[in-house]
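Chemist: Handing over data.txt, compact mmCIF, C-alpha atoms.
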# COMPACT_ATOMS: atom_id res chain seq x y z
CA MET A 25 42.35 -46.53 -26.23
CA ILE A 26 44.87 -44.25 -24.55
CA PRO A 27 46.33 -45.62 -21.28
CA LEU A 28 45.62 -44.01 -17.90
CA ALA A 29 48.12 -42.88 -15.27
CA PRO A 30 47.87 -41.16 -11.87
CA PHE A 31 47.68 -37.39 -12.35
CA GLY A 32 50.22 -36.54 -9.70
CA SER A 33 48.83 -36.87 -6.19
CA THR A 34 45.31 -35.75 -7.08
CA GLY A 35 43.89 -39.26 -6.94
CA HIS A 36 42.63 -38.99 -10.53
CA ARG A 37 43.80 -41.33 -13.28
CA SER A 38 44.02 -39.25 -16.44
CA THR A 39 44.66 -40.43 -19.96
CA ARG A 40 48.35 -39.97 -20.77
CA THR A 41 47.19 -37.66 -23.54
CA LEU A 42 45.13 -34.69 -22.33
CA PHE A 43 42.81 -32.73 -24.59
CA GLY A 44 44.14 -29.21 -25.13
CA ALA A 45 40.95 -27.22 -25.71
CA ALA A 46 42.80 -24.32 -27.33
CA SER A 47 41.80 -26.09 -30.55
CA LEU A 48 38.19 -25.05 -29.86
CA SER A 49 38.93 -21.34 -29.58
CA ARG A 50 37.46 -20.38 -32.97
CA VAL A 51 35.29 -23.32 -34.06
CA THR A 52 31.53 -23.78 -34.24
CA GLN A 53 29.64 -25.91 -31.74
CA ALA A 54 29.06 -28.49 -34.45
CA VAL A 55 32.81 -28.86 -34.97
CA ALA A 56 33.36 -29.00 -31.21
CA ASP A 57 30.78 -31.76 -30.86
CA GLY A 58 32.63 -33.73 -33.52
CA VAL A 59 35.77 -33.37 -31.41
CA LEU A 60 33.86 -34.75 -28.41
CA GLU A 61 33.02 -37.88 -30.40
CA LEU A 62 36.72 -38.24 -31.27
CA LEU A 63 37.76 -37.90 -27.62
CA GLN A 64 35.22 -40.49 -26.54
CA ARG A 65 36.48 -42.88 -29.21
CA HIS A 66 39.98 -42.69 -27.76
CA GLY A 67 38.87 -42.67 -24.12
CA VAL A 68 40.26 -39.21 -23.31
CA ASN A 69 39.03 -38.18 -19.86
CA HIS A 70 40.87 -34.90 -19.15
CA ILE A 71 40.13 -31.48 -20.68
CA ASP A 72 42.60 -28.60 -20.39
CA THR A 73 41.17 -25.22 -21.33
CA ALA A 74 41.71 -21.57 -20.32
CA ALA A 75 39.85 -18.30 -19.97
CA SER A 76 42.02 -16.90 -22.76
CA TYR A 77 41.22 -19.66 -25.28
CA GLY A 78 38.58 -17.71 -27.20
CA ASP A 79 35.27 -19.59 -27.14
CA ALA A 80 36.75 -22.86 -25.86
CA GLU A 81 35.05 -22.80 -22.45
CA LEU A 82 31.71 -22.09 -24.15
CA ARG A 83 32.23 -24.98 -26.58
CA VAL A 84 33.06 -27.39 -23.74
CA ALA A 85 30.02 -26.36 -21.66
CA PRO A 86 27.43 -28.44 -23.61
CA TRP A 87 29.62 -31.53 -23.23
CA LEU A 88 29.57 -31.12 -19.46
CA LYS A 89 25.86 -30.39 -19.31
CA SER A 90 25.02 -33.58 -21.21
CA GLY A 91 26.73 -35.91 -18.75
CA GLY A 92 30.37 -35.17 -19.38
CA ARG A 93 30.99 -33.60 -15.99
CA ASP A 94 31.38 -37.04 -14.44
CA ARG A 95 33.40 -38.28 -17.41
CA PHE A 96 36.01 -35.52 -17.58
CA PHE A 97 38.62 -34.07 -15.26
CA VAL A 98 38.16 -30.38 -16.11
CA ALA A 99 41.08 -27.94 -15.92
CA THR A 100 41.11 -24.27 -16.82
CA LYS A 101 43.52 -21.37 -16.35
CA THR A 102 43.62 -17.74 -15.34
CA GLY A 103 46.19 -15.41 -16.84
CA LYS A 104 45.41 -12.63 -14.37
CA ARG A 105 48.07 -11.70 -11.84
CA THR A 106 46.21 -9.72 -9.15
CA TYR A 107 43.80 -11.11 -6.57
CA ARG A 108 40.71 -9.26 -7.73
CA GLU A 109 41.24 -9.94 -11.45
CA ALA A 110 41.99 -13.64 -10.93
CA ARG A 111 39.05 -14.05 -8.54
CA ASP A 112 36.67 -12.56 -11.09
CA GLU A 113 38.10 -14.56 -13.99
CA ILE A 114 37.77 -17.87 -12.12
CA ARG A 115 34.09 -17.16 -11.48
CA LEU A 116 33.57 -16.15 -15.10
CA SER A 117 35.16 -19.42 -16.26
CA LEU A 118 32.77 -21.40 -14.07
CA GLU A 119 29.87 -19.47 -15.55
CA ARG A 120 31.06 -20.05 -19.11
CA LEU A 121 31.65 -23.76 -18.44
CA GLY A 122 28.25 -24.05 -16.76
CA ILE A 123 29.58 -25.93 -13.71
CA ASP A 124 29.95 -25.18 -10.00
CA HIS A 125 33.63 -26.17 -9.75
CA VAL A 126 36.63 -27.17 -11.82
CA ASP A 127 39.05 -29.93 -10.92
CA LEU A 128 42.18 -27.87 -11.62
CA ILE A 129 42.80 -24.12 -11.84
CA GLN A 130 46.19 -23.08 -13.21
CA LEU A 131 48.13 -19.84 -13.11
CA HIS A 132 48.62 -19.44 -16.85
CA ASN A 133 52.08 -18.85 -18.34
CA LEU A 134 53.59 -17.60 -15.10
CA VAL A 135 57.14 -17.04 -16.31
CA ASP A 136 57.86 -13.30 -16.51
CA GLU A 137 59.64 -12.22 -13.33
CA THR A 138 57.52 -9.12 -12.68
CA GLU A 139 54.31 -11.08 -13.20
CA TRP A 140 55.64 -13.88 -10.99
CA GLN A 141 56.29 -11.45 -8.16
CA THR A 142 52.83 -9.91 -8.56
CA ALA A 143 51.08 -13.29 -8.53
CA PHE A 144 52.85 -14.37 -5.34
CA ALA A 145 52.34 -11.04 -3.56
CA PRO A 146 49.81 -10.84 -0.69
CA ASP A 147 47.21 -9.37 -3.04
CA GLY A 148 48.19 -11.56 -5.99
CA ALA A 149 46.53 -14.26 -8.08
CA LEU A 150 47.76 -17.08 -5.85
CA ARG A 151 45.57 -15.74 -3.05
CA ALA A 152 42.56 -15.90 -5.36
CA VAL A 153 43.11 -19.52 -6.43
CA VAL A 154 43.71 -20.65 -2.84
CA GLU A 155 40.53 -18.84 -1.80
CA ALA A 156 38.65 -20.54 -4.65
CA ARG A 157 39.97 -23.94 -3.54
CA ASP A 158 38.96 -23.30 0.06
CA ALA A 159 35.47 -22.29 -1.13
CA GLY A 160 35.07 -25.51 -3.14
CA LEU A 161 35.19 -23.76 -6.53
CA VAL A 162 38.36 -25.63 -7.53
CA ARG A 163 39.91 -28.84 -6.25
CA PHE A 164 43.57 -28.50 -7.25
CA ILE A 165 46.00 -25.75 -8.23
CA GLY A 166 48.63 -25.79 -10.97
CA VAL A 167 51.01 -23.51 -12.84
CA THR A 168 51.85 -23.39 -16.55
CA GLY A 169 54.55 -21.78 -18.65
CA HIS A 170 56.01 -21.28 -22.12
CA GLY A 171 59.58 -20.56 -23.10
CA LEU A 172 63.03 -21.47 -21.86
CA GLN A 173 62.49 -20.04 -18.37
CA ALA A 174 59.36 -22.09 -17.62
CA PRO A 175 61.14 -25.01 -15.89
CA VAL A 176 63.24 -22.66 -13.74
CA GLN A 177 60.26 -20.57 -12.69
CA HIS A 178 58.13 -23.63 -12.02
CA ARG A 179 60.81 -24.97 -9.69
CA ARG A 180 60.81 -21.63 -7.87
CA SER A 181 57.03 -21.74 -7.74
CA LEU A 182 57.10 -25.20 -6.15
CA GLU A 183 59.41 -23.82 -3.46
CA ARG A 184 56.82 -21.17 -2.63
CA PHE A 185 53.62 -23.23 -2.88
CA PRO A 186 52.68 -26.94 -3.19
CA PHE A 187 51.26 -26.81 -6.71
CA ASP A 188 49.50 -29.98 -7.80
CA SER A 189 50.68 -29.76 -11.42
CA VAL A 190 53.06 -27.97 -13.76
CA LEU A 191 53.02 -27.58 -17.54
CA PHE A 192 56.06 -26.86 -19.73
CA PRO A 193 57.45 -27.34 -23.29
CA TYR A 194 58.85 -30.82 -23.85
CA ASN A 195 59.98 -32.35 -27.14
CA TYR A 196 63.08 -33.97 -28.55
CA VAL A 197 64.46 -31.00 -30.43
CA GLN A 198 64.01 -28.59 -27.50
CA LEU A 199 65.59 -31.06 -25.07
CA ARG A 200 68.72 -31.24 -27.23
CA GLU A 201 69.59 -27.82 -25.81
CA PRO A 202 71.83 -28.75 -22.82
CA ALA A 203 70.82 -25.88 -20.53
CA TYR A 204 67.12 -26.42 -21.11
CA ALA A 205 67.49 -30.18 -20.64
CA ARG A 206 69.20 -29.61 -17.28
CA ASP A 207 66.45 -27.26 -16.14
CA VAL A 208 63.76 -29.73 -17.19
CA GLN A 209 65.42 -32.63 -15.38
CA SER A 210 65.79 -30.52 -12.25
CA LEU A 211 62.11 -29.56 -12.38
CA MET A 212 61.00 -33.13 -13.00
CA ALA A 213 63.00 -34.40 -10.05
CA ARG A 214 61.34 -31.85 -7.79
CA CYS A 215 57.90 -32.72 -9.17
CA GLU A 216 58.53 -36.38 -8.37
CA GLU A 217 59.50 -35.43 -4.82
CA ARG A 218 56.38 -33.30 -4.40
CA GLY A 219 53.94 -35.56 -6.26
CA ALA A 220 53.11 -32.86 -8.80
CA ALA A 221 51.73 -33.94 -12.17
CA MET A 222 53.88 -33.03 -15.18
CA GLN A 223 52.03 -31.84 -18.27
CA THR A 224 53.92 -31.21 -21.49
CA ILE A 225 53.18 -29.06 -24.52
CA LYS A 226 54.59 -28.57 -28.03
CA ALA A 227 55.07 -32.30 -28.67
CA ILE A 228 54.71 -32.05 -32.46
CA THR A 229 56.43 -28.72 -33.02
CA LEU A 230 58.38 -28.51 -36.27
CA GLY A 231 59.73 -25.12 -35.25
CA PRO A 232 59.00 -21.44 -35.87
CA TRP A 233 57.03 -20.99 -39.10
CA GLN A 234 59.24 -21.82 -42.09
CA ALA A 235 56.57 -22.49 -44.70
CA GLU A 236 54.03 -19.83 -45.61
CA ARG A 237 52.11 -19.00 -42.44
CA PRO A 238 48.31 -19.31 -42.78
CA ALA A 239 46.33 -16.09 -42.56
CA THR A 240 44.65 -17.39 -39.40
CA PRO A 241 46.99 -20.06 -37.99
CA THR A 242 45.60 -22.46 -35.41
CA THR A 243 49.03 -22.84 -33.82
CA TRP A 244 51.60 -20.09 -33.32
CA TYR A 245 54.34 -22.51 -34.31
CA GLU A 246 54.58 -24.73 -37.40
CA PRO A 247 53.44 -28.26 -36.47
CA LEU A 248 54.29 -31.61 -37.99
CA HIS A 249 51.53 -32.85 -40.33
CA ASP A 250 52.52 -36.32 -41.49
CA GLN A 251 51.22 -39.27 -39.45
CA ARG A 252 54.58 -41.06 -39.52
CA ASP A 253 56.35 -37.98 -38.17
CA ILE A 254 53.68 -37.34 -35.54
CA ASP A 255 53.92 -40.98 -34.44
CA LEU A 256 57.61 -40.52 -33.67
CA ALA A 257 57.15 -37.20 -31.86
CA VAL A 258 54.23 -38.46 -29.76
CA ARG A 259 55.91 -41.76 -28.91
CA TRP A 260 59.04 -39.89 -27.84
CA VAL A 261 57.12 -37.74 -25.33
CA LEU A 262 54.96 -40.59 -24.02
CA GLY A 263 58.07 -42.77 -23.78
CA ASP A 264 58.72 -40.96 -20.50
CA ASP A 265 56.02 -42.44 -18.29
CA ARG A 266 56.26 -39.53 -15.84
CA VAL A 267 54.63 -37.03 -18.18
CA PHE A 268 51.30 -36.25 -19.83
CA LEU A 269 51.03 -34.93 -23.37
CA ASN A 270 48.66 -32.02 -24.06
CA THR A 271 47.25 -32.20 -27.58
CA VAL A 272 47.77 -29.72 -30.40
CA GLY A 273 45.61 -26.62 -30.86
CA ASP A 274 44.46 -27.65 -34.34
CA VAL A 275 41.34 -29.78 -34.79
CA GLY A 276 42.62 -30.94 -38.18
CA ILE A 277 45.78 -32.47 -36.71
CA LEU A 278 44.18 -33.62 -33.47
CA PRO A 279 43.01 -36.99 -34.88
CA LEU A 280 46.59 -37.81 -35.92
CA VAL A 281 47.92 -37.09 -32.43
CA LEU A 282 45.21 -39.15 -30.73
CA ASP A 283 45.74 -41.99 -33.18
CA ALA A 284 49.46 -42.01 -32.43
CA ALA A 285 48.81 -41.93 -28.67
CA SER A 286 46.28 -44.76 -28.89
CA ARG A 287 48.58 -47.05 -30.87
CA GLY A 288 51.53 -46.33 -28.59
CA GLY A 289 54.83 -48.11 -29.10
CA ASP A 290 58.36 -47.98 -27.77
CA ARG A 291 60.17 -44.67 -27.43
CA PRO A 292 62.08 -43.93 -30.63
CA SER A 293 65.85 -44.03 -30.44
CA ASP A 294 67.99 -40.91 -30.74
CA ARG A 295 68.96 -42.12 -34.21
CA GLU A 296 65.31 -42.27 -35.30
CA MET A 297 64.64 -38.82 -33.86
CA ASP A 298 67.76 -37.33 -35.40
CA ASP A 299 66.61 -38.71 -38.76
CA LEU A 300 63.23 -37.00 -38.24
CA LEU A 301 64.95 -33.73 -37.37
CA GLY A 302 67.03 -33.94 -40.53
CA ARG A 303 64.18 -34.93 -42.84
CA ARG A 304 61.90 -32.15 -41.61
CA ALA A 305 64.56 -29.52 -40.85
CA MET A 306 63.18 -29.22 -37.32
CA SER A 307 64.46 -26.51 -34.99
CA PRO A 308 63.83 -25.43 -31.39
CA LEU A 309 60.80 -23.21 -30.97
CA PHE A 310 62.44 -21.38 -28.08
CA VAL A 311 65.99 -20.06 -28.34
CA ALA A 312 68.12 -17.97 -26.02
Let me see the structure of the file written as structure tokens.

Modeler:
Amino acid sequence: MIPLAPFGSTGHRSTRTLFGAASLSRVTQAVADGVLELLQRHGVNHIDTAASYGDAELRVAPWLKSGGRDRFFVATKTGKRTYREARDEIRLSLERLGIDHVDLIQLHNLVDETEWQTAFAPDGALRAVVEARDAGLVRFIGVTGHGLQAPVQHRRSLERFPFDSVLFPYNYVQLREPAYARDVQSLMARCEERGAAMQTIKAITLGPWQAERPATPTTWYEPLHDQRDIDLAVRWVLGDDRVFLNTVGDVGILPLVLDAASRGGDRPSDREMDDLLGRRAMSPLFVA
């Protein structure tokens, strides 16, 4: 079973490994129900989905209807930047999920400066999520981001609003970049001060696609595939007890990630991780 930890200051104890429902974006309900059985086997109690994840919200809905609403902390995201668009998308997500509220709504990939300014404007998306919280449609509010600027923008966001969670790329190879590592440490220090939960993504990223890219890839980066390699990458992320690991968007690799998280183990040394980088020719997904 995967250990639990306080999800920031929300009062919820989430599994250190959160289910990233992007893996359900293009699967059948039968496949999705098989994933549910896998999550239950490992004790996962936190689902992270988004309006933009294809059919993911629709695939999760039957789980919640059959008793899962009390079992799972349910998070979704809106990628809209204006008040009206975000308001409507939040309500559509609730309809698709078949529930009357979500535990966490997140402003999705809020990194671009123009979009950031729009979202924080008086008629921006932040107004919509606060309104939804005040109306009881959501309990907590977070912000997510991809790319090198995510930690910097999240820190700015926390200065403007008391977000309950952040989400950003975090893996050994990306953190070897000194500037990015400094930005991440600065963000994490502020999150600790504010009691904001820290979610991480891209734990098992090999790098940009080097091998032949599948016609319909389930991840937009090339992931690690070998259990031994995934064990090292997962243990490295979870070795920092301040963070949560969001799982990969590939149902074929998902069991390997959950298995690694369930078995746990000490954080690999830099020497072990450098050996992995060399053996697999790993490279940063995001570069300046």

Chemist: Report, as JSON, the axis-aligned box around all atoms of region 305-311 of chain A present in the file, extended by 4 Å on each side; give centre and edge lengths in Å to one decimal place.

Modeler:
{"center_x": 63.4, "center_y": -24.8, "center_z": -34.5, "size_x": 13.2, "size_y": 17.5, "size_z": 20.8}

Chemist: Find the distance between CA of Asp57 (chain A) and CA of Val84 (chain A) and write it in Å to one decimal.

Modeler: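 Computing the Euclidean distance for CA of Asp57 (chain A) and CA of Val84 (chain A) yields 8.7 Å.
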
Chemist: Looking at A:Tyr77, A:Phe31, A:Phe164, A:Phe96, which one is nearest to Leu63 (chain A), with distances taken over all atoms listed in the file?

Modeler: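 Checking each candidate against Leu63 (chain A), we get A:Phe96 as the closest.
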
Chemist: Give me, as a PyMOL selection string, all polymer residues having an atom no more than 8 Å from region 218-228 of chain A, counting only C-alpha atoms and skipping those fewer than 6 positions away in the same chain.

Modeler: chain A and resi 31-33+186-195+212+247-248+254+257-258+261+266-272

Chemist: Quick one: distance from CA of Ser49 (chain A) to CA of Thr229 (chain A) in Å, one decimal?

Modeler: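 One can read the CA of Ser49 (chain A) to CA of Thr229 (chain A) distance as 19.3 Å.
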
Chemist: Go ahead and compute the interatomic distance for CA of Gly103 (chain A) and CA of Leu131 (chain A), in Å to one decimal.

Modeler: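 Distance reported for this atom pair: 6.1 Å.
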
Chemist: Smallest atom-to-atom distance to Pro308 (chain A): which of A:Asp72, A:Glu246, A:Asp283, A:Glu155, using all atoms listed in the file?

Modeler: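 The answer is A:Glu246, which sits nearest to Pro308 (chain A).
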
Chemist: I need the residue nearest His66 (chain A) from this list: A:Val167, A:Leu28, A:Met306, A:Ala205. Use all atoms listed in the file for the distance.

Modeler: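 Answer, going by the shortest atom-to-atom distance: A:Leu28.
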
Chemist: So which residues touch Ile114 (chain A) within 9 Å, counting all atoms listed in the file, skipping near sequence neighbours fewer than 2 positions away, as a PyMOL selection string?

Modeler: chain A and resi 75+100-102+109-112+116-119+129+152-153+156+161

Chemist: Pick the closest to Arg259 (chain A) from A:Gly302, A:Pro175, A:Gly169, A:Gly288: which is it, counting all atoms listed in the file?

Modeler: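 For Arg259 (chain A), the nearest of the candidates is A:Gly288.
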
Chemist: Measuring atom to atom with only C-alpha atoms, identify which of A:Val281, A:Arg200, A:Phe144, A:Phe310 is nearest to Asp298 (chain A).

Modeler: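 Counting only C-alpha atoms, the residue closest to Asp298 (chain A) is A:Arg200.
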
Chemist: Have a look at A:Arg180, A:Arg120, A:His249, A:Arg163 and name the one nearest to Glu137 (chain A); count all atoms listed in the file.

Modeler: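 Comparing A:Arg180, A:Arg120, A:His249, A:Arg163 against Glu137 (chain A), the winner is A:Arg180.
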
Chemist: Can you pull out the residues contacting Ala305 (chain A)? Cut-off 10 Å, using only C-alpha atoms, and skip same-chain residues under 2 positions away; I want them as a list in words.

Modeler: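 Neighbouring residues, sequence-local ones excluded: Leu230, Gly231, Gln234, Asp299, Leu300, Leu301, Gly302, Arg303 and Ser307 of chain A.
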
Chemist: Give me the residues within 12 Å of region 90-92 of chain A as a list of chain:residue names, counting only C-alpha atoms and dropping any in the same chain fewer than 5 places off.

Modeler: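 Here the qualifying residues turn out to be A:Asp57, A:Leu60, A:Glu61, A:Leu63, A:Gln64, A:Val68, A:Asn69, A:His70, A:Ile71, A:Val84, A:Ala85, A:Phe97, A:Val98, A:Leu121, A:Gly122, A:Ile123.
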
Chemist: Restore all heavy atoms in region 47-58 of chain A and list the result as a PDB file, in the frame of the given file.

Modeler:
ATOM      1  N   SER A  47      42.245 -25.791 -29.182  1.00  0.00           N
ATOM      2  CA  SER A  47      41.800 -26.090 -30.550  1.00  0.00           C
ATOM      3  C   SER A  47      40.349 -25.704 -30.789  1.00  0.00           C
ATOM      4  O   SER A  47      39.905 -25.646 -31.936  1.00  0.00           O
ATOM      5  CB  SER A  47      41.982 -27.590 -30.836  1.00  0.00           C
ATOM      6  OG  SER A  47      41.223 -28.379 -29.932  1.00  0.00           O
ATOM      7  N   LEU A  48      39.605 -25.427 -29.724  1.00  0.00           N
ATOM      8  CA  LEU A  48      38.190 -25.050 -29.860  1.00  0.00           C
ATOM      9  C   LEU A  48      37.982 -23.541 -29.829  1.00  0.00           C
ATOM     10  O   LEU A  48      36.843 -23.073 -29.829  1.00  0.00           O
ATOM     11  CB  LEU A  48      37.361 -25.682 -28.730  1.00  0.00           C
ATOM     12  CG  LEU A  48      37.429 -27.194 -28.576  1.00  0.00           C
ATOM     13  CD1 LEU A  48      36.540 -27.635 -27.417  1.00  0.00           C
ATOM     14  CD2 LEU A  48      37.010 -27.895 -29.866  1.00  0.00           C
ATOM     15  N   SER A  49      39.045 -22.786 -29.808  1.00  0.00           N
ATOM     16  CA  SER A  49      38.930 -21.340 -29.580  1.00  0.00           C
ATOM     17  C   SER A  49      38.120 -20.607 -30.633  1.00  0.00           C
ATOM     18  O   SER A  49      37.430 -19.633 -30.327  1.00  0.00           O
ATOM     19  CB  SER A  49      40.319 -20.704 -29.472  1.00  0.00           C
ATOM     20  OG  SER A  49      41.032 -20.874 -30.686  1.00  0.00           O
ATOM     21  N   ARG A  50      38.150 -21.119 -31.894  1.00  0.00           N
ATOM     22  CA  ARG A  50      37.460 -20.380 -32.970  1.00  0.00           C
ATOM     23  C   ARG A  50      36.612 -21.312 -33.833  1.00  0.00           C
ATOM     24  O   ARG A  50      36.413 -21.023 -35.017  1.00  0.00           O
ATOM     25  CB  ARG A  50      38.476 -19.644 -33.853  1.00  0.00           C
ATOM     26  CG  ARG A  50      39.212 -18.522 -33.139  1.00  0.00           C
ATOM     27  CD  ARG A  50      39.983 -17.655 -34.123  1.00  0.00           C
ATOM     28  NE  ARG A  50      41.010 -18.391 -34.835  1.00  0.00           N
ATOM     29  CZ  ARG A  50      42.269 -18.486 -34.444  1.00  0.00           C
ATOM     30  NH1 ARG A  50      42.662 -17.900 -33.324  1.00  0.00           N
ATOM     31  NH2 ARG A  50      43.144 -19.170 -35.143  1.00  0.00           N
ATOM     32  N   VAL A  51      36.086 -22.388 -33.262  1.00  0.00           N
ATOM     33  CA  VAL A  51      35.290 -23.320 -34.060  1.00  0.00           C
ATOM     34  C   VAL A  51      33.811 -23.208 -33.682  1.00  0.00           C
ATOM     35  O   VAL A  51      33.454 -22.658 -32.640  1.00  0.00           O
ATOM     36  CB  VAL A  51      35.753 -24.782 -33.868  1.00  0.00           C
ATOM     37  CG1 VAL A  51      37.232 -24.916 -34.202  1.00  0.00           C
ATOM     38  CG2 VAL A  51      35.486 -25.268 -32.451  1.00  0.00           C
ATOM     39  N   THR A  52      32.960 -23.746 -34.530  1.00  0.00           N
ATOM     40  CA  THR A  52      31.530 -23.780 -34.240  1.00  0.00           C
ATOM     41  C   THR A  52      31.238 -24.883 -33.228  1.00  0.00           C
ATOM     42  O   THR A  52      32.057 -25.779 -33.009  1.00  0.00           O
ATOM     43  CB  THR A  52      30.725 -24.051 -35.511  1.00  0.00           C
ATOM     44  OG1 THR A  52      31.047 -25.370 -35.987  1.00  0.00           O
ATOM     45  CG2 THR A  52      31.041 -23.021 -36.597  1.00  0.00           C
ATOM     46  N   GLN A  53      30.017 -24.855 -32.667  1.00  0.00           N
ATOM     47  CA  GLN A  53      29.640 -25.910 -31.740  1.00  0.00           C
ATOM     48  C   GLN A  53      29.549 -27.252 -32.441  1.00  0.00           C
ATOM     49  O   GLN A  53      29.866 -28.295 -31.857  1.00  0.00           O
ATOM     50  CB  GLN A  53      28.309 -25.575 -31.058  1.00  0.00           C
ATOM     51  CG  GLN A  53      27.976 -26.485 -29.883  1.00  0.00           C
ATOM     52  CD  GLN A  53      29.006 -26.400 -28.768  1.00  0.00           C
ATOM     53  OE1 GLN A  53      29.347 -25.301 -28.325  1.00  0.00           O
ATOM     54  NE2 GLN A  53      29.516 -27.539 -28.314  1.00  0.00           N
ATOM     55  N   ALA A  54      29.151 -27.235 -33.702  1.00  0.00           N
ATOM     56  CA  ALA A  54      29.060 -28.490 -34.450  1.00  0.00           C
ATOM     57  C   ALA A  54      30.437 -29.137 -34.592  1.00  0.00           C
ATOM     58  O   ALA A  54      30.589 -30.357 -34.431  1.00  0.00           O
ATOM     59  CB  ALA A  54      28.448 -28.247 -35.824  1.00  0.00           C
ATOM     60  N   VAL A  55      31.448 -28.326 -34.879  1.00  0.00           N
ATOM     61  CA  VAL A  55      32.810 -28.860 -34.970  1.00  0.00           C
ATOM     62  C   VAL A  55      33.260 -29.363 -33.608  1.00  0.00           C
ATOM     63  O   VAL A  55      33.856 -30.439 -33.486  1.00  0.00           O
ATOM     64  CB  VAL A  55      33.773 -27.777 -35.502  1.00  0.00           C
ATOM     65  CG1 VAL A  55      35.223 -28.233 -35.369  1.00  0.00           C
ATOM     66  CG2 VAL A  55      33.458 -27.451 -36.957  1.00  0.00           C
ATOM     67  N   ALA A  56      32.976 -28.593 -32.564  1.00  0.00           N
ATOM     68  CA  ALA A  56      33.360 -29.000 -31.210  1.00  0.00           C
ATOM     69  C   ALA A  56      32.710 -30.327 -30.829  1.00  0.00           C
ATOM     70  O   ALA A  56      33.353 -31.191 -30.226  1.00  0.00           O
ATOM     71  CB  ALA A  56      32.957 -27.912 -30.211  1.00  0.00           C
ATOM     72  N   ASP A  57      31.459 -30.513 -31.198  1.00  0.00           N
ATOM     73  CA  ASP A  57      30.780 -31.760 -30.860  1.00  0.00           C
ATOM     74  C   ASP A  57      31.393 -32.948 -31.608  1.00  0.00           C
ATOM     75  O   ASP A  57      31.403 -34.076 -31.102  1.00  0.00           O
ATOM     76  CB  ASP A  57      29.287 -31.648 -31.164  1.00  0.00           C
ATOM     77  CG  ASP A  57      28.583 -30.679 -30.212  1.00  0.00           C
ATOM     78  OD1 ASP A  57      29.174 -30.343 -29.163  1.00  0.00           O
ATOM     79  OD2 ASP A  57      27.459 -30.242 -30.520  1.00  0.00           O
ATOM     80  N   GLY A  58      31.913 -32.686 -32.795  1.00  0.00           N
ATOM     81  CA  GLY A  58      32.630 -33.730 -33.520  1.00  0.00           C
ATOM     82  C   GLY A  58      33.911 -34.107 -32.799  1.00  0.00           C
ATOM     83  O   GLY A  58      34.308 -35.280 -32.769  1.00  0.00           O
TER      84      GLY A  58
END
